[in-house]
Every structure is written in structure tokens, then in C-alpha cells.
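Q: Let me begin by handing over the structure; questions about it come next.
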Amino acid sequence: MSMYKDMEYITTEALAAVRQLRAYGMSWRKTRITNIGDFSVPTTSDEECLKKGLMGNLSPFFSLDNYQNLYTGEEARILLKKMDSFHPELIIGYTSVLMGIASLKMRGMGNGVKPTYIISSGEVLDGYSRNYIQEAFDAPVLNLYATTEGGSIAFECLRKGFHINSDFVHVEILDRDGEPVSDGEFGSMVITRLYPGGTPIIRYTGLSDIASLSGEQCDCGMHTPLLKTLEGRKKDAIILPDGRIFPPATIPMPLSEASAKYGTLQIKRFQFIQKKIDDIEILIEIDEEQRDRGVSVDTLLAEILHNYERLVGERVTITVKEVKKVEQPEGAPSPPLIISMVDRKKIEEALL
């Protein structure tokens with residue numbers, strides 16, 4: 001979908017970012033912020049809206065020396081080196097990019113990078129990745145849910161409430177028949193943007209994100225509707241023969257449980273390849289600096305296999321394989337978490 005965005009749209013988006021910064025006790029004028037985005041790719045949202053649009057219009061009037069925009073396609077070593085000289089208080093980036101930088105921090109690199117907070121956006125933030133990044137940087141990792149179509153939809157506060165920017169976007173969670181689901185139940189995300197400027201977005205279903213709402217209120221003081229869970233896109237999910245769906249945020253949980261059992265952060269990166277509806281391969285890339293710390297890799301992989309076999313049942317074949325490197329597709333900012341080779345007809349049959 002092509003999106004038109006004017007300055008009114010971009011300015012309103014900036015207000016949502018200011019709100020998030022204030023929730024963290026930070027200031028857009030003073031806090032040193034490193035944003036790792038698609039700034040070197042023409043026409044992307046990051047490049048057009050932030051670098052050219054907002055910052056291009058503010059720079060004649062305000063000093064923006066507290067901002068560092070880095071290109072997500074650069075090597076992790078280069079990104080960390082640039083941040084090391086900038087000393088950011090806040091780092092914003094894709095989960096997978098943050099994982100790559102975190103692995104270098106684990107090896108003792110980037111001593112000048114000591115952020116107060118880290119924001120993960122653009123990809124699903126699973127439990128293992130959150131813990132790994134937090135351990136590496138000794139800083140809380142918070143979730144931001146933003147899309148090209150809906151802008152900044154929700155963000156995680158310091159009390160872990162996932163606050164919907166309900167004055168900017170109306171969120172509905174609907175079932176297959178287009179009916180609202182109860183609080184806590186999963187459904188498809190449907191959004192309506194409430195502010196002017198740019199392409200109108202009205203009851204947009206194209207996100208294909210699986211989520212649930214919470215009926216509770218956060219005790220942080222912001223009285224907005226809350227997301228309970230954000231599971232990622234249905235098209236990126238693992239779908240089993242019995243119709244169960246495991247989105248990107250859920251499928252790493254048994255892996256995370258295995259790592260927690262042995263108190264290890266040996267896993268640098270992982271990927272799920274669903275070859276058939278009943279055949280899943282899990283690729284594990286081990287951090288060589290962590291390999292010999294704690295439990296043996298063979299023991300860890302065996303526990304991961306056991307956990308997934310228990311999860312999926314006897315009808316599905318699970319293979320856990322250590323690889324030297326989880327490959328990154330050319331032109332992609334990071335390796336995909338899930339690769340599905342399953343015929344769509346097989347998926348439809350499983351879901352019916």
C-alpha cells in the first residue's frame with residue numbers, strides 16, 4: 001500500500017513520540033537519542049518522514065545535535081562504534097539489529113554505550129531477545145508498536161503497560177467474522193487513524209497483526225486502553241495441522257524456557273523454517289563468546305528439542321540444528337524469524 005504523508009501528519013506523529021519520551025522522563029530537546037532506521041533508503045518512512053520531513057523542517061530553528069540517525073543496513077560493529085562515540089541515553093531499533101549489537105556488547109565492545117532505555121520497534125519483541133538485550137546493555141528494553149499505515153499505535157510504559165495512543169488511532173480486535181472479541185482473546189488488528197493529513201486510514205485490515213486487548217488500567221497514571229499481547233503478523237506465523245497458530249512473539253517461548261532453565265545466553269540468533277505443515281526446522285546460531293559458559297550446547301539443544309516436541313505433539317516433526325550463521329537475505333535489514341514453505345491450501349485446510 002502506498003502512503004501519502006504531509007507535514008500535518010508528520011507533526012502529529014512527532015507528538016506521539018514526545019509523549020513516549022515524557023513517559024520515560026526524557027526530553028526531545030535534551031536526551032541523546034540514537035535511532036537505527038532505514039535512513040539511507042529513499043522513500044522509506046524513516047527517511048522521508050523523520051530525516052527529511054520533521055528534522056529537515058526543525059533544523060533551522062532548533063539544534064538537533066542530540067539526535068543520531070544510523071542506517072540499519074550497516075554492520076553491527078560499525079553501528080556500535082558510531083554509538084560508542086555518541087553516548088546515547090536512548091537507543092531505538094529493530095529487535096534483530098539490537099540483538100546483533102547486543103552480542104558485541106557481550107564481548108566487551110562499545111564501553112561508551114550505556115543507554116538508560118532501549119526501544120524495540122519494527123519487529124516482534126520476543127521474551128528471549130528482550131532478556132538478551134537487557135543483559136547486554138544493563139538497561140530496560142521497551143516495546144513500540146508503530147506501522148506505516150497507523151503511525152505510532154501503542155508503546156510500553158515503565159510499568160509494562162502497553163498503552164494505545166487512543167487519541168491518535170482507534171484500535172479494534174476482531175474475529176474471523178469481523179466481530180469484536182472479548183478482552184484477553186486474540187483477534188485481528190483493525191485500525192482507524194483519527195488525525196488529519198496524508199492518506200486517510202479507516203477500518204484498515206491490512207496489518208494482519210494478531211493481538212488482544214486488556215480490560216485493565218495501568219497504575220502509571222496514563223489512562224488509555226491497553227494491549228494485552230501483540231503477537232505479530234498472521235502470515236509470518238507457524239500453523240500446525242490441528243489448526244493451532246503460533247505467531248512470532250509466541251513461537252520462541254519454549255526456546256526461552258530452555259535458556260532460562262540453564263541460566264544461559266549462548267544463543268545469538270534463531271530461525272524457524274516450516275518446510276511442511278508437519279515439518280519444522282529450528283536453526284540455532286551460538287554466540288562463540290558464550291559457548292563454553294555454563295551448560296553444554298548439546299544439552300541446551302536437546303532441551304529445546306524436548307520443549308518443542310512437547311508443544312507441537314506427535315504429528316509434527318521437529319529438528320533442531322546448530323548453524324554457523326543464520327543467513328540474512330540480500331537487501332533485508334535482518335534474517336526473518338519465521339520462513340514458511342507451506343502451501344497456502346494446506347494452511348487453509350488446517351484452519352478450517
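Identifiers in this document derive from the order of the C-alpha cells: chains are assigned A, B, ..., residues are numbered from 1 separately in each chain, and ligands are numbered from 1 in order of occurrence.
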DSSP on the backbone, then: every residue of segment 154-313 of chain A marked strand (DSSP E or B), written as a PyMOL selection string.

A: chain A and resi 154-156+162-164+169-174+180+187-193+204+209-214+226-233+238-239+245-246+267-276+279-286

Q: Under the rule of at most 10 Å, produce a per-residue listing of segment 192-261 of chain A near segment 270-277 of chain A: chain, number, name, the closest pair of atoms, and the distance in Å, as a tab-separated table, using only C-alpha atoms.

A:
```
residue	atom	partner	partner_atom	distance
A:Ala237	CA	A:Gln274	CA	9.6
A:Ile238	CA	A:Gln274	CA	7.0
A:Ile239	CA	A:Ile277	CA	7.0
A:Leu240	CA	A:Ile277	CA	6.0
A:Pro241	CA	A:Ile277	CA	6.0
A:Asp242	CA	A:Ile277	CA	9.7
A:Pro248	CA	A:Phe272	CA	9.5
A:Ile251	CA	A:Phe272	CA	8.6
A:Pro252	CA	A:Phe270	CA	8.7
A:Leu255	CA	A:Phe270	CA	9.2
```

Q: Store the residues of this selection in a file with C-alpha atoms, as a PDB file, in the first residue's frame.

A:
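What follows is the written file part20.pdb:
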```pdb
ATOM      1  CA  ALA A 237       3.047 -17.478  11.933  1.00  0.00           C
ATOM      2  CA  ILE A 238       3.681 -21.194  12.382  1.00  0.00           C
ATOM      3  CA  ILE A 239       0.404 -23.029  11.712  1.00  0.00           C
ATOM      4  CA  LEU A 240       0.101 -26.663  12.824  1.00  0.00           C
ATOM      5  CA  PRO A 241      -2.004 -29.486  11.306  1.00  0.00           C
ATOM      6  CA  ASP A 242      -4.529 -29.218  14.164  1.00  0.00           C
ATOM      7  CA  PRO A 248       6.391 -14.676  16.002  1.00  0.00           C
ATOM      8  CA  ILE A 251       6.871 -19.466  18.986  1.00  0.00           C
ATOM      9  CA  PRO A 252      10.239 -18.620  20.684  1.00  0.00           C
ATOM     10  CA  LEU A 255      13.464 -21.806  23.403  1.00  0.00           C
TER      11      LEU A 255
END
```

Q: Write out as a VMD selection string the residues lying within 12 Å of Gly313 of chain A, counting only C-alpha atoms and excluding same-chain residues fewer than 3 positions away.

A: chain A and resid 240 to 242 244 278 to 279 305 to 310 316 to 318

Q: Within segment 59-252 of chain A, find each residue whose DSSP state, derived from the backbone, is alpha helix (DSSP H), and express the selection as a ChimeraX atom specification.

A: /A:76-86,95-106,127-137

Q: For each of A:Leu213, A:Val181, A:Ile33, A:Val124, take the minimum atom-to-atom distance to Ala249 of chain A, counting only C-alpha atoms, then give the residue where this is smallest.

A: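 Residue with the minimum atom-to-atom distance to Ala249 of chain A: A:Val124.
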
Q: Need the shell around segment 261-267 of chain A: protein/DNA/RNA residues with any atom at most 8 Å away, counting only C-alpha atoms. Skip same-chain ones fewer than 5 positions apart. Format as a ChimeraX atom specification?

A: /A:132,284-288,290-291,293-295,297,300

Q: When distances are computed from only C-alpha atoms, which of A:Ile10, A:Ala136, A:Ala17, A:Leu337 shows the smallest separation from Glu123 of chain A?

A: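 Nearest to Glu123 of chain A: A:Leu337.
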
Q: Select, from A:Ile101, A:Val312, A:Met341, A:Met106, the residue with the minimum atom-to-atom distance to Ile245 of chain A, counting only C-alpha atoms.

A: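 Of the candidates, the smallest distance to Ile245 of chain A is held by A:Val312.
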
Q: For Met7 of chain A, which of A:Gly127, A:Gly198, A:Pro225, A:Pro115 is the closest residue, counting only C-alpha atoms?

A: A:Gly198

Q: Please, what distance in Å, to one decimal, runs between atom CA of Thr205 of chain A and atom CA of His223 of chain A?

A: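 Value for the atom CA of Thr205 of chain A-atom CA of His223 of chain A distance: 25.9 Å.
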